[in-house]
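The file upload_34.cif contains mmCIF, C-alpha atoms and all ligand atoms:
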data_data
loop_
_atom_site.label_atom_id
_atom_site.label_comp_id
_atom_site.auth_asym_id
_atom_site.auth_seq_id
_atom_site.Cartn_x
_atom_site.Cartn_y
_atom_site.Cartn_z
CA MET A 938 -65.01 -31.40 4.33
CA PHE A 939 -61.55 -30.42 3.12
CA SER A 940 -60.16 -29.01 6.37
CA SER A 941 -58.55 -32.30 7.36
CA LEU A 942 -56.54 -32.57 4.14
CA ASP A 943 -52.78 -32.16 4.32
CA ALA A 944 -51.01 -31.32 1.08
CA LEU A 945 -49.42 -34.34 -0.58
CA ALA A 946 -45.74 -34.63 -1.45
CA PRO A 947 -45.04 -34.00 -5.15
CA ASP A 948 -45.30 -36.98 -7.52
CA PRO A 949 -41.89 -38.74 -7.61
CA ILE A 950 -41.61 -38.36 -11.40
CA LEU A 951 -43.77 -35.35 -12.34
CA GLY A 952 -42.43 -33.34 -9.38
CA LEU A 953 -39.02 -33.31 -11.08
CA ILE A 954 -40.38 -31.24 -13.98
CA ALA A 955 -41.18 -28.33 -11.65
CA LEU A 956 -37.85 -28.66 -9.81
CA ALA A 957 -35.81 -28.64 -13.02
CA ASN A 958 -37.81 -25.74 -14.48
CA LYS A 959 -37.02 -23.63 -11.42
CA ASP A 960 -33.26 -24.28 -11.71
CA ASN A 961 -31.41 -21.40 -13.45
CA ASN A 962 -28.09 -23.23 -13.79
CA PRO A 963 -27.28 -23.05 -17.55
CA ARG A 964 -25.62 -26.48 -17.27
CA LYS A 965 -28.71 -28.20 -15.84
CA VAL A 966 -29.62 -31.56 -17.36
CA ASP A 967 -33.10 -33.01 -16.92
CA LEU A 968 -33.02 -36.81 -17.05
CA GLY A 969 -36.26 -37.13 -15.08
CA VAL A 970 -39.65 -37.54 -16.72
CA GLY A 971 -39.86 -39.94 -19.67
CA VAL A 972 -40.30 -37.68 -22.67
CA TYR A 973 -38.16 -37.97 -25.78
CA LYS A 974 -35.83 -35.03 -26.38
CA ASP A 975 -33.81 -34.25 -29.48
CA GLU A 976 -30.20 -33.06 -29.60
CA SER A 977 -31.30 -29.51 -28.74
CA GLY A 978 -33.30 -30.67 -25.72
CA LEU A 979 -36.67 -30.16 -27.40
CA THR A 980 -39.54 -32.66 -27.45
CA PRO A 981 -40.44 -32.24 -31.13
CA ILE A 982 -43.81 -32.52 -32.84
CA MET A 983 -43.21 -35.21 -35.45
CA ALA A 984 -43.53 -34.05 -39.08
CA ALA A 985 -46.18 -36.70 -39.83
CA VAL A 986 -48.18 -35.54 -36.81
CA LYS A 987 -48.14 -31.91 -38.02
CA THR A 988 -49.38 -32.92 -41.48
CA ALA A 989 -51.96 -35.34 -40.11
CA GLU A 990 -53.24 -32.66 -37.74
CA PHE A 991 -53.70 -30.31 -40.68
CA ASN A 992 -55.43 -33.02 -42.76
CA CYS A 993 -57.76 -33.87 -39.87
CA ALA A 994 -58.75 -30.23 -39.40
CA GLU A 995 -59.56 -30.04 -43.12
CA LYS A 996 -61.53 -33.28 -43.16
CA GLU A 997 -63.42 -32.94 -39.90
CA LEU A 998 -67.08 -32.16 -40.50
CA THR A 999 -68.54 -32.40 -37.02
CA LYS A 1000 -67.73 -32.32 -33.34
CA ALA A 1001 -70.58 -34.71 -32.47
CA TYR A 1002 -69.86 -37.51 -29.96
CA ILE A 1003 -67.65 -40.37 -31.16
CA GLY A 1004 -68.88 -43.05 -28.72
CA PRO A 1005 -67.07 -44.89 -25.91
CA ALA A 1006 -64.87 -47.05 -28.20
CA GLY A 1007 -63.54 -44.16 -30.32
CA PRO A 1008 -63.17 -44.09 -34.10
CA ALA A 1009 -62.81 -47.33 -36.09
CA GLU A 1010 -59.91 -45.92 -38.19
CA PHE A 1011 -57.82 -45.54 -35.04
CA ASN A 1012 -58.90 -48.82 -33.47
CA ASN A 1013 -58.20 -50.88 -36.60
CA GLY A 1014 -54.91 -49.12 -37.30
CA ILE A 1015 -53.50 -49.40 -33.79
CA ARG A 1016 -54.63 -53.03 -33.45
CA GLU A 1017 -52.70 -53.90 -36.61
CA LEU A 1018 -49.69 -51.93 -35.41
CA ILE A 1019 -49.61 -53.89 -32.16
CA PHE A 1020 -50.40 -57.39 -33.39
CA GLY A 1021 -49.48 -57.23 -37.09
CA ALA A 1022 -52.19 -57.08 -39.77
CA GLN A 1023 -51.89 -60.78 -40.64
CA HIS A 1024 -51.99 -62.07 -37.06
CA PRO A 1025 -54.32 -65.11 -36.82
CA ALA A 1026 -56.09 -63.65 -33.79
CA LEU A 1027 -57.00 -60.56 -35.83
CA GLN A 1028 -58.02 -62.63 -38.82
CA ALA A 1029 -60.34 -64.58 -36.52
CA GLY A 1030 -61.89 -61.37 -35.13
CA ARG A 1031 -60.72 -62.28 -31.61
CA VAL A 1032 -59.38 -58.83 -30.68
CA SER A 1033 -61.52 -55.83 -29.73
CA THR A 1034 -59.84 -52.44 -29.33
CA VAL A 1035 -60.90 -49.09 -27.91
CA LEU A 1036 -59.27 -45.65 -27.96
CA THR A 1037 -58.38 -44.49 -24.45
CA PRO A 1038 -57.07 -41.27 -22.91
CA GLY A 1039 -53.40 -42.30 -23.00
CA GLY A 1040 -51.84 -45.56 -21.88
CA CYS A 1041 -52.93 -44.63 -18.35
CA GLY A 1042 -56.57 -44.57 -19.46
CA ALA A 1043 -56.07 -48.02 -21.00
CA LEU A 1044 -54.55 -49.42 -17.81
CA ARG A 1045 -57.31 -48.00 -15.68
CA VAL A 1046 -60.16 -49.13 -17.94
CA GLY A 1047 -58.49 -52.54 -18.21
CA ALA A 1048 -58.21 -52.75 -14.42
CA GLU A 1049 -61.90 -51.89 -13.91
CA PHE A 1050 -62.88 -54.40 -16.58
CA LEU A 1051 -60.81 -57.11 -14.87
CA LYS A 1052 -62.30 -56.27 -11.49
CA ARG A 1053 -65.70 -56.82 -13.09
CA CYS A 1054 -64.56 -60.21 -14.45
CA ASN A 1055 -63.16 -61.34 -11.11
CA ASP A 1056 -63.93 -59.36 -7.97
CA ASN A 1057 -61.12 -61.17 -6.13
CA ALA A 1058 -58.43 -60.75 -8.76
CA THR A 1059 -54.82 -60.16 -7.81
CA VAL A 1060 -52.56 -58.39 -10.26
CA TRP A 1061 -48.89 -59.28 -10.12
CA VAL A 1062 -46.52 -56.44 -10.99
CA SER A 1063 -42.77 -56.53 -11.54
CA ASP A 1064 -40.39 -55.36 -8.81
CA PRO A 1065 -39.57 -52.67 -9.83
CA THR A 1066 -42.35 -51.26 -11.97
CA TRP A 1067 -43.48 -47.81 -13.10
CA ALA A 1068 -44.67 -46.03 -9.94
CA ASN A 1069 -48.01 -45.09 -11.48
CA HIS A 1070 -48.95 -48.71 -12.18
CA LEU A 1071 -49.79 -49.12 -8.50
CA PRO A 1072 -52.53 -46.47 -8.22
CA LEU A 1073 -53.81 -47.09 -11.75
CA LEU A 1074 -54.49 -50.75 -10.97
CA GLY A 1075 -54.87 -50.67 -7.19
CA ASN A 1076 -57.39 -47.81 -7.12
CA ALA A 1077 -59.65 -49.87 -9.37
CA GLY A 1078 -59.89 -52.36 -6.48
CA LEU A 1079 -57.48 -55.02 -7.74
CA LYS A 1080 -55.23 -56.60 -5.14
CA LEU A 1081 -51.52 -56.16 -5.86
CA ALA A 1082 -48.67 -58.66 -5.53
CA GLU A 1083 -45.06 -58.36 -6.70
CA TYR A 1084 -42.80 -60.68 -8.65
CA PRO A 1085 -39.00 -60.26 -8.64
CA TYR A 1086 -37.72 -58.84 -11.91
CA TYR A 1087 -34.47 -56.88 -11.78
CA GLU A 1088 -31.29 -57.38 -9.80
CA ALA A 1089 -29.54 -54.06 -9.30
CA GLY A 1090 -26.10 -55.58 -8.55
CA SER A 1091 -25.77 -57.56 -11.76
CA SER A 1092 -28.14 -55.28 -13.75
CA THR A 1093 -29.94 -58.34 -15.12
CA ILE A 1094 -33.39 -59.87 -15.02
CA LYS A 1095 -33.93 -62.38 -12.20
CA PHE A 1096 -35.82 -64.68 -14.53
CA ASP A 1097 -35.68 -67.84 -12.45
CA GLU A 1098 -36.99 -66.00 -9.39
CA MET A 1099 -39.64 -64.34 -11.51
CA MET A 1100 -40.84 -67.70 -12.83
CA SER A 1101 -40.85 -69.24 -9.33
CA ALA A 1102 -42.97 -66.38 -7.99
CA LEU A 1103 -45.36 -66.49 -10.94
CA ALA A 1104 -45.82 -70.23 -10.45
CA ASN A 1105 -48.13 -69.04 -7.64
CA ALA A 1106 -50.31 -67.01 -10.02
CA GLY A 1107 -53.27 -69.04 -11.16
CA LYS A 1108 -56.61 -68.85 -12.89
CA GLY A 1109 -58.31 -65.55 -12.12
CA ASP A 1110 -55.00 -63.79 -11.48
CA ILE A 1111 -53.44 -61.18 -13.73
CA VAL A 1112 -49.76 -60.68 -14.50
CA LEU A 1113 -48.74 -57.22 -15.67
CA LEU A 1114 -45.84 -57.33 -18.13
CA HIS A 1115 -43.88 -54.55 -19.84
CA GLY A 1116 -44.08 -55.27 -23.58
CA CYS A 1117 -40.69 -53.65 -24.26
CA CYS A 1118 -38.40 -50.93 -22.89
CA HIS A 1119 -39.10 -51.81 -19.27
CA ASN A 1120 -39.91 -48.75 -17.18
CA PRO A 1121 -37.92 -48.13 -14.98
CA CYS A 1122 -35.04 -50.55 -15.58
CA GLY A 1123 -34.66 -50.90 -19.39
CA ALA A 1124 -34.04 -54.66 -19.13
CA ASP A 1125 -36.34 -56.56 -21.50
CA LEU A 1126 -37.34 -60.21 -21.67
CA SER A 1127 -35.65 -62.26 -24.39
CA GLU A 1128 -37.74 -64.17 -26.94
CA ASP A 1129 -37.05 -67.42 -25.05
CA GLN A 1130 -38.20 -65.81 -21.81
CA TRP A 1131 -41.44 -64.60 -23.44
CA GLN A 1132 -42.01 -68.16 -24.63
CA ALA A 1133 -41.40 -69.59 -21.15
CA LEU A 1134 -43.86 -67.08 -19.65
CA THR A 1135 -46.44 -67.87 -22.32
CA ASP A 1136 -46.11 -71.57 -21.50
CA LEU A 1137 -46.54 -70.81 -17.80
CA ALA A 1138 -49.65 -68.69 -18.47
CA ALA A 1139 -51.09 -71.52 -20.60
CA LYS A 1140 -50.35 -74.08 -17.88
CA ASN A 1141 -51.48 -72.08 -14.84
CA GLY A 1142 -54.28 -70.07 -16.45
CA PHE A 1143 -53.29 -66.56 -15.34
CA LEU A 1144 -54.13 -63.65 -17.62
CA PRO A 1145 -51.24 -61.55 -18.99
CA PHE A 1146 -51.91 -57.80 -19.15
CA ILE A 1147 -49.19 -56.23 -21.30
CA ASP A 1148 -48.32 -52.56 -21.00
CA LEU A 1149 -46.88 -51.56 -24.39
CA ALA A 1150 -46.00 -47.91 -23.82
CA TYR A 1151 -42.82 -47.72 -25.93
CA GLN A 1152 -43.43 -49.72 -29.13
CA GLY A 1153 -40.76 -48.64 -31.63
CA PHE A 1154 -38.38 -47.20 -29.03
CA GLY A 1155 -36.45 -50.39 -28.33
CA ARG A 1156 -35.45 -52.54 -31.30
CA GLY A 1157 -38.16 -51.75 -33.89
CA LEU A 1158 -41.96 -51.63 -34.28
CA ASP A 1159 -42.31 -55.35 -34.98
CA GLU A 1160 -39.50 -56.52 -32.69
CA ASP A 1161 -40.93 -54.57 -29.74
CA ALA A 1162 -44.29 -56.28 -30.19
CA PHE A 1163 -42.83 -59.79 -30.05
CA GLY A 1164 -44.35 -60.55 -26.62
CA PRO A 1165 -47.95 -59.45 -27.32
CA ARG A 1166 -47.90 -61.19 -30.73
CA LEU A 1167 -46.59 -64.44 -29.27
CA MET A 1168 -49.07 -64.46 -26.40
CA ALA A 1169 -51.97 -63.58 -28.72
CA ALA A 1170 -51.02 -66.53 -30.92
CA GLN A 1171 -50.76 -69.07 -28.11
CA LEU A 1172 -53.14 -68.01 -25.33
CA PRO A 1173 -56.93 -67.86 -25.19
CA GLU A 1174 -57.13 -64.47 -23.45
CA LEU A 1175 -54.94 -61.38 -23.17
CA LEU A 1176 -55.14 -57.66 -22.47
CA VAL A 1177 -52.83 -55.07 -24.05
CA ALA A 1178 -52.64 -51.40 -23.06
CA SER A 1179 -50.72 -49.27 -25.54
CA SER A 1180 -49.67 -45.64 -25.53
CA CYS A 1181 -49.11 -43.22 -28.42
CA SER A 1182 -47.45 -40.68 -26.12
CA LYS A 1183 -43.91 -41.72 -26.93
CA ASN A 1184 -43.95 -43.29 -30.40
CA PHE A 1185 -46.18 -40.57 -31.89
CA GLY A 1186 -44.94 -37.86 -29.49
CA LEU A 1187 -48.57 -37.13 -28.57
CA TYR A 1188 -48.00 -36.86 -24.82
CA ARG A 1189 -50.44 -34.06 -24.05
CA GLU A 1190 -53.15 -35.26 -26.46
CA ARG A 1191 -53.67 -38.39 -24.33
CA VAL A 1192 -53.92 -41.18 -26.90
CA GLY A 1193 -53.72 -44.85 -26.07
CA SER A 1194 -55.62 -48.05 -26.68
CA LEU A 1195 -56.91 -51.08 -24.83
CA SER A 1196 -57.16 -54.37 -26.72
CA VAL A 1197 -58.83 -57.47 -25.39
CA LEU A 1198 -58.20 -60.88 -26.93
CA GLY A 1199 -61.00 -63.39 -26.36
CA ASP A 1200 -61.17 -67.10 -26.98
CA SER A 1201 -63.60 -66.45 -29.85
CA SER A 1202 -64.94 -63.46 -31.76
CA THR A 1203 -68.18 -63.73 -29.77
CA GLN A 1204 -66.23 -63.49 -26.52
CA ALA A 1205 -64.21 -60.51 -27.81
CA GLU A 1206 -67.43 -58.74 -28.82
CA ALA A 1207 -69.01 -59.43 -25.42
CA ALA A 1208 -65.87 -58.13 -23.67
CA LEU A 1209 -66.08 -54.97 -25.78
CA THR A 1210 -69.61 -54.26 -24.53
CA HIS A 1211 -68.28 -54.40 -20.96
CA ILE A 1212 -65.28 -52.24 -21.73
CA ASN A 1213 -67.53 -49.67 -23.40
CA ASN A 1214 -69.74 -49.79 -20.33
CA VAL A 1215 -66.74 -49.20 -18.03
CA VAL A 1216 -65.75 -46.23 -20.22
CA ARG A 1217 -69.30 -44.85 -20.18
CA GLY A 1218 -69.39 -44.95 -16.39
CA ASN A 1219 -65.98 -43.35 -16.14
CA TYR A 1220 -65.32 -40.57 -18.68
CA SER A 1221 -68.14 -41.52 -21.08
CA MET A 1222 -65.99 -41.41 -24.22
CA PRO A 1223 -62.44 -40.54 -25.17
CA PRO A 1224 -61.26 -37.25 -26.70
CA SER A 1225 -61.03 -37.63 -30.47
CA HIS A 1226 -58.22 -35.31 -31.63
CA GLY A 1227 -55.16 -37.47 -30.87
CA GLY A 1228 -56.82 -40.67 -32.07
CA ALA A 1229 -57.77 -38.96 -35.33
CA ILE A 1230 -54.12 -37.96 -35.88
CA VAL A 1231 -52.87 -41.51 -35.30
CA GLY A 1232 -55.65 -42.97 -37.48
CA GLU A 1233 -54.70 -40.56 -40.29
CA ILE A 1234 -50.99 -41.47 -40.09
CA LEU A 1235 -51.57 -45.20 -39.97
CA GLY A 1236 -54.04 -45.05 -42.87
CA ASP A 1237 -51.88 -43.00 -45.24
CA GLN A 1238 -48.86 -44.67 -46.81
CA ALA A 1239 -46.71 -41.54 -47.17
CA LEU A 1240 -47.46 -40.28 -43.68
CA ARG A 1241 -46.81 -43.70 -42.24
CA GLN A 1242 -43.44 -43.92 -43.94
CA SER A 1243 -42.47 -40.47 -42.70
CA TRP A 1244 -43.57 -41.38 -39.16
CA GLU A 1245 -41.70 -44.70 -39.18
CA SER A 1246 -38.46 -43.10 -40.31
CA GLU A 1247 -38.69 -40.30 -37.75
CA LEU A 1248 -39.39 -42.89 -35.06
CA ALA A 1249 -36.39 -44.93 -36.24
CA ALA A 1250 -34.20 -41.82 -35.96
CA MET A 1251 -35.39 -41.29 -32.37
CA ARG A 1252 -34.71 -44.91 -31.50
CA ASN A 1253 -31.27 -44.84 -33.10
CA ARG A 1254 -30.37 -41.64 -31.29
CA ILE A 1255 -31.23 -43.23 -27.92
CA ASN A 1256 -29.32 -46.41 -28.76
CA GLN A 1257 -26.25 -44.42 -29.83
CA LEU A 1258 -26.41 -42.34 -26.66
CA ARG A 1259 -26.48 -45.53 -24.62
CA VAL A 1260 -23.24 -46.71 -26.20
CA LEU A 1261 -21.64 -43.27 -25.91
CA LEU A 1262 -22.58 -42.91 -22.23
CA VAL A 1263 -20.91 -46.23 -21.44
CA ASP A 1264 -17.74 -45.03 -23.23
CA LYS A 1265 -17.74 -41.65 -21.50
CA LEU A 1266 -18.21 -43.20 -18.07
CA SER A 1267 -15.49 -45.71 -18.70
CA ALA A 1268 -13.18 -42.88 -19.84
CA GLN A 1269 -13.72 -41.31 -16.40
CA ASN A 1270 -12.21 -44.47 -14.84
CA VAL A 1271 -15.20 -44.92 -12.58
CA ASP A 1272 -15.02 -47.88 -10.25
CA ALA A 1273 -18.23 -49.42 -11.63
CA ASP A 1274 -19.25 -51.31 -14.75
CA PHE A 1275 -21.89 -49.40 -16.70
CA SER A 1276 -21.77 -51.59 -19.82
CA PHE A 1277 -25.31 -52.85 -19.07
CA ILE A 1278 -26.66 -49.45 -20.25
CA ALA A 1279 -25.75 -50.32 -23.85
CA ARG A 1280 -27.48 -53.70 -23.59
CA GLN A 1281 -30.77 -52.24 -22.36
CA HIS A 1282 -33.57 -50.66 -24.39
CA GLY A 1283 -35.89 -47.68 -24.42
CA MET A 1284 -35.64 -44.44 -22.54
CA PHE A 1285 -34.66 -45.71 -19.12
CA SER A 1286 -31.86 -47.34 -17.15
CA PHE A 1287 -30.97 -47.35 -13.48
CA LEU A 1288 -27.51 -45.97 -12.82
CA GLY A 1289 -27.33 -47.89 -9.55
CA LEU A 1290 -26.66 -44.76 -7.44
CA SER A 1291 -27.81 -44.22 -3.87
CA LEU A 1292 -30.47 -41.63 -3.05
CA ALA A 1293 -27.73 -39.49 -1.47
CA GLN A 1294 -25.76 -39.57 -4.73
CA VAL A 1295 -28.89 -38.72 -6.75
CA GLU A 1296 -29.45 -35.74 -4.44
CA GLN A 1297 -25.84 -34.61 -4.80
CA LEU A 1298 -26.19 -34.70 -8.56
CA ARG A 1299 -29.32 -32.58 -8.31
CA GLU A 1300 -28.15 -30.10 -5.70
CA GLN A 1301 -24.52 -29.67 -6.74
CA TYR A 1302 -24.58 -30.35 -10.49
CA SER A 1303 -28.22 -29.57 -11.48
CA ILE A 1304 -28.60 -33.05 -12.94
CA TYR A 1305 -32.13 -34.34 -12.39
CA MET A 1306 -33.14 -38.00 -12.22
CA VAL A 1307 -35.71 -40.07 -10.31
CA GLY A 1308 -34.70 -40.98 -6.74
CA SER A 1309 -34.11 -44.60 -7.73
CA SER A 1310 -31.36 -43.29 -10.10
CA ARG A 1311 -33.55 -43.97 -13.13
CA VAL A 1312 -32.34 -41.78 -15.98
CA ASN A 1313 -34.07 -40.79 -19.19
CA ILE A 1314 -31.29 -41.47 -21.71
CA ALA A 1315 -33.03 -39.20 -24.26
CA GLY A 1316 -32.27 -36.21 -22.02
CA ILE A 1317 -28.55 -36.66 -22.77
CA SER A 1318 -26.99 -34.89 -25.77
CA GLN A 1319 -23.58 -34.53 -27.42
CA THR A 1320 -23.37 -31.18 -25.64
CA ASN A 1321 -24.05 -32.35 -22.10
CA ILE A 1322 -22.75 -35.93 -22.12
CA ASP A 1323 -19.24 -35.07 -20.89
CA TYR A 1324 -20.68 -32.99 -18.07
CA VAL A 1325 -23.07 -35.80 -17.13
CA ALA A 1326 -20.29 -38.43 -17.13
CA GLN A 1327 -17.88 -36.21 -15.17
CA SER A 1328 -20.55 -35.36 -12.58
CA ILE A 1329 -21.53 -39.00 -12.08
CA ALA A 1330 -17.85 -39.90 -11.72
CA ALA A 1331 -17.40 -37.09 -9.18
CA VAL A 1332 -20.19 -38.31 -6.89
CA LEU A 1333 -19.05 -41.92 -7.24
CA ALA A 1334 -15.53 -40.96 -6.18
CA ARG A 1335 -16.61 -39.45 -2.84
C1 LIG B 1401 -42.27 -41.68 -16.97
O1 LIG B 1401 -42.20 -42.80 -16.48
O2 LIG B 1401 -41.45 -40.78 -16.71
C2 LIG B 1401 -43.37 -41.37 -17.96
O3 LIG B 1401 -44.14 -42.51 -18.21
C3 LIG B 1401 -44.18 -40.20 -17.54
C4 LIG B 1401 -45.06 -40.44 -16.35
O4 LIG B 1401 -46.24 -40.12 -16.45
O5 LIG B 1401 -44.60 -40.91 -15.31
#

Please lay out the structure from this file as structure tokens.
Ligand code: LMR
Amino acid sequence: MFSSLDALAPDPILGLIALANKDNNPRKVDLGVGVYKDESGLTPIMAAVKTAEFNCAEKELTKAYIGPAGPAEFNNGIRELIFGAQHPALQAGRVSTVLTPGGCGALRVGAEFLKRCNDNATVWVSDPTWANHLPLLGNAGLKLAEYPYYEAGSSTIKFDEMMSALANAGKGDIVLLHGCCHNPCGADLSEDQWQALTDLAAKNGFLPFIDLAYQGFGRGLDEDAFGPRLMAAQLPELLVASSCSKNFGLYRERVGSLSVLGDSSTQAEAALTHINNVVRGNYSMPPSHGGAIVGEILGDQALRQSWESELAAMRNRINQLRVLLVDKLSAQNVDADFSFIARQHGMFSFLGLSLAQVEQLREQYSIYMVGSSRVNIAGISQTNIDYVAQSIAAVLAR
């Protein structure tokens, strides 16, 4: 059965972890996979997470099954974090939420649910998008189409082209949107652009599916949820996948959520029975540990405050590094304008380098980034930023 299998090439993002780990150069800089790193290069466990983990261990009385939807404390807390506690859609009981194994689990369950709603559905994804969106959605049987999003030359969003392409998406189609901190390009929709897209969805009837993997990493917890909140206020139906990997630093615990907004509370409840059924036929029910930690933090005022301020410090560090990187590159007199990096949000930006230049940086300078020249800004530090800027300038000068 397995004799015909050839080994696959490493994953374009995860493969970089192994490559960087093998590199003994003391100056190596890993700007590959999207994990937050502090000034010392560590991906810290947040203080609120440590305390919540301890509290949960103390409080936990049983390891009995938690059911396909996961615990109510998590589902209520994360729903309010995404939409805002006072959101009219929440007040009307129009949003059902389940705990999923990471944001990936949410995307996959959402895709299977949508396939069930419309066997012929096409999901439109941005060009570019996170590489893993394609198998997560496509392997569930959804057809894929692309809409233009980012222009590398000007480092801006091609909004007019995006809107023209999405004019072809109609009822029964799905449009995948990045809620904030676009992965891989860091260029986010403005509030006016969200409004224009919401109007188009209302007019044409397509269903937005928002991937909110970085809430709190861009401009702030509320600001980063502008798109989902607007769409939930103005559209009859919506799907939101969220991840707690980045904003709670719970990467390996696999915590995320899938929320479905229905036209009425009855519709949202009916949708939930289908989502639970998709979960049951997939992994039966989610792991509880990570969701319990998030539920504990969101339900405890002191822990929540501690978490929000640590998250703000992470966000500010990334935003300061963005500005500093632009300054350092400009001080190298490079023949390129990198000022867009400071205008973008979240962990990622494209440097606009060729694959050959990305390979030179890896092979000659031990600087690791995705082949598209996507960099994880959080991998930069005060210690390595000069080396990074000098190395980029050196390959650009060749
Ligand atoms: C990334 O884009 O680097 C992260 O979302 C990690 C991953 O799984 O690809």

Quick one: residues within 8 Å of A:Glu1083, all atoms listed in the file counted, chain neighbours fewer than 6 positions away excluded, as a PyMOL selection string? chain A and resi 1061-1064

Rank A:Cys1041, A:Leu956, A:Leu979, A:Val1271 by their smallest atom-to-atom distance to ligand LIG 1401 (chain B), using all atoms listed in the file, and report the top residue only. A:Cys1041

What separation in Å, quoted to one decimal, exists between atom CA of A:Gly1232 and atom CA of A:Lys1000?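 One can read the atom CA of A:Gly1232 to atom CA of A:Lys1000 distance as 16.6 Å.
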
Local residues around (-37.2, -35.8, -8.9), at most 7 Å away, using all atoms listed in the file, as a ChimeraX atom specification: /A:949-950,952-953,969,1305-1308

Restricting the calculation to all atoms listed in the file, which member of A:Asn1321, A:Gln1327, A:Asn1013, A:Ser1310 is positioned closest to A:Ser1267?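 The shortest atom-to-atom distance to A:Ser1267 comes from A:Gln1327.
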
I'd like to know which of A:Gln1257, A:Ser1033, A:His1282, A:Gly1193 is closest to A:Ser1127, using only C-alpha atoms. A:His1282

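Interatomic distance, atom CA of A:Leu1081 to atom CA of A:Ala1058: 8.8 Å.
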
Using atom CA of A:Lys1108 and atom CA of A:Thr1059 as the two end points, give the distance in Å to one decimal.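 So the answer is 10.2 Å.
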
Taking 6 positions as the minimum chain separation for residues in the same chain, which residues sit within 12 Å of A:Gly1218 when counting all atoms listed in the file? Answer as number ranges by chain. A: 1005, 1046, 1049-1050, 1211-1212

Option closest in space to ligand LIG 1401 (chain B), from A:Asp948, A:Glu1174, A:Asp1264, A:Asp1200 [counting all atoms listed in the file]: A:Asp948

Find the residues near A:Ala1077: any atom within 10 Å, counting all atoms listed in the file, skip ones fewer than 2 places away on the same chain, and give them as a PyMOL selection string. chain A and resi 1044-1053+1071-1075+1079-1080

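If only C-alpha atoms and all ligand atoms are the atoms counted, then among A:Asn1253, A:Ser1221, A:Thr1066, A:Asn1214 the closest residue to ligand LIG 1401 (chain B) is A:Thr1066.
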
Axis-aligned box for ligand LIG 1401 (chain B), 4 Å per side, centre and edges in Å as JSON:
{"center_x": -43.8, "center_y": -41.5, "center_z": -16.8, "size_x": 12.8, "size_y": 10.7, "size_z": 10.9}

Can you pull out the residues contacting stretch 1130-1137 of chain A? Cut-off 7 Å, using only C-alpha atoms, and skip same-chain residues under 3 positions away; I want them as an MDAnalysis selection string. chainID A and resid 1126:1127 1140:1141 1164 1168

Which of these, A:Ala1150, A:Leu1175, A:Ile1329, A:Ala985, has the shortest distance to ligand LIG 1401 (chain B) once you count only C-alpha atoms and all ligand atoms? A:Ala1150

Nearby residues (only C-alpha atoms) at most 6 Å from A:Arg1031, same-chain spacing under 2 positions excluded, as a CSV table (one decimal) with C-alpha atoms, keeping the file's coordinate frame:
chain,number,residue,atom,x,y,z
A,1026,ALA,CA,-56.1,-63.6,-33.8
A,1027,LEU,CA,-57.0,-60.6,-35.8
A,1029,ALA,CA,-60.3,-64.6,-36.5
A,1198,LEU,CA,-58.2,-60.9,-26.9
A,1199,GLY,CA,-61.0,-63.4,-26.4
A,1201,SER,CA,-63.6,-66.4,-29.8
A,1202,SER,CA,-64.9,-63.5,-31.8
A,1205,ALA,CA,-64.2,-60.5,-27.8

List as a PyMOL selection string the residues having at least one atom at most 10 Å from position (-32.2, -42.5, -32.0) as given in the file, counting only C-alpha atoms. chain A and resi 973+975-976+1154-1155+1247-1259+1283+1315

As a PDB file, keeping the file's coordinate frame, the rebuilt stretch 1230-1236 of chain A with N, CA, C and O atoms:
ATOM      1  N   ILE A1230     -55.469 -38.159 -35.315  1.00  0.00           N
ATOM      2  CA  ILE A1230     -54.120 -37.960 -35.880  1.00  0.00           C
ATOM      3  C   ILE A1230     -53.463 -39.317 -36.148  1.00  0.00           C
ATOM      4  O   ILE A1230     -52.933 -39.571 -37.235  1.00  0.00           O
ATOM      5  N   VAL A1231     -53.508 -40.184 -35.148  1.00  0.00           N
ATOM      6  CA  VAL A1231     -52.870 -41.510 -35.300  1.00  0.00           C
ATOM      7  C   VAL A1231     -53.566 -42.303 -36.405  1.00  0.00           C
ATOM      8  O   VAL A1231     -52.905 -42.925 -37.253  1.00  0.00           O
ATOM      9  N   GLY A1232     -54.892 -42.256 -36.440  1.00  0.00           N
ATOM     10  CA  GLY A1232     -55.650 -42.970 -37.480  1.00  0.00           C
ATOM     11  C   GLY A1232     -55.249 -42.469 -38.869  1.00  0.00           C
ATOM     12  O   GLY A1232     -55.068 -43.259 -39.804  1.00  0.00           O
ATOM     13  N   GLU A1233     -55.087 -41.154 -39.001  1.00  0.00           N
ATOM     14  CA  GLU A1233     -54.700 -40.560 -40.290  1.00  0.00           C
ATOM     15  C   GLU A1233     -53.303 -41.028 -40.704  1.00  0.00           C
ATOM     16  O   GLU A1233     -53.076 -41.402 -41.857  1.00  0.00           O
ATOM     17  N   ILE A1234     -52.369 -41.053 -39.761  1.00  0.00           N
ATOM     18  CA  ILE A1234     -50.990 -41.470 -40.090  1.00  0.00           C
ATOM     19  C   ILE A1234     -50.960 -42.946 -40.489  1.00  0.00           C
ATOM     20  O   ILE A1234     -50.356 -43.321 -41.490  1.00  0.00           O
ATOM     21  N   LEU A1235     -51.633 -43.764 -39.696  1.00  0.00           N
ATOM     22  CA  LEU A1235     -51.570 -45.200 -39.970  1.00  0.00           C
ATOM     23  C   LEU A1235     -52.313 -45.577 -41.256  1.00  0.00           C
ATOM     24  O   LEU A1235     -51.989 -46.584 -41.887  1.00  0.00           O
ATOM     25  N   GLY A1236     -53.251 -44.736 -41.678  1.00  0.00           N
ATOM     26  CA  GLY A1236     -54.040 -45.050 -42.870  1.00  0.00           C
ATOM     27  C   GLY A1236     -53.501 -44.425 -44.146  1.00  0.00           C
ATOM     28  O   GLY A1236     -54.094 -44.586 -45.202  1.00  0.00           O
TER      29      GLY A1236
END
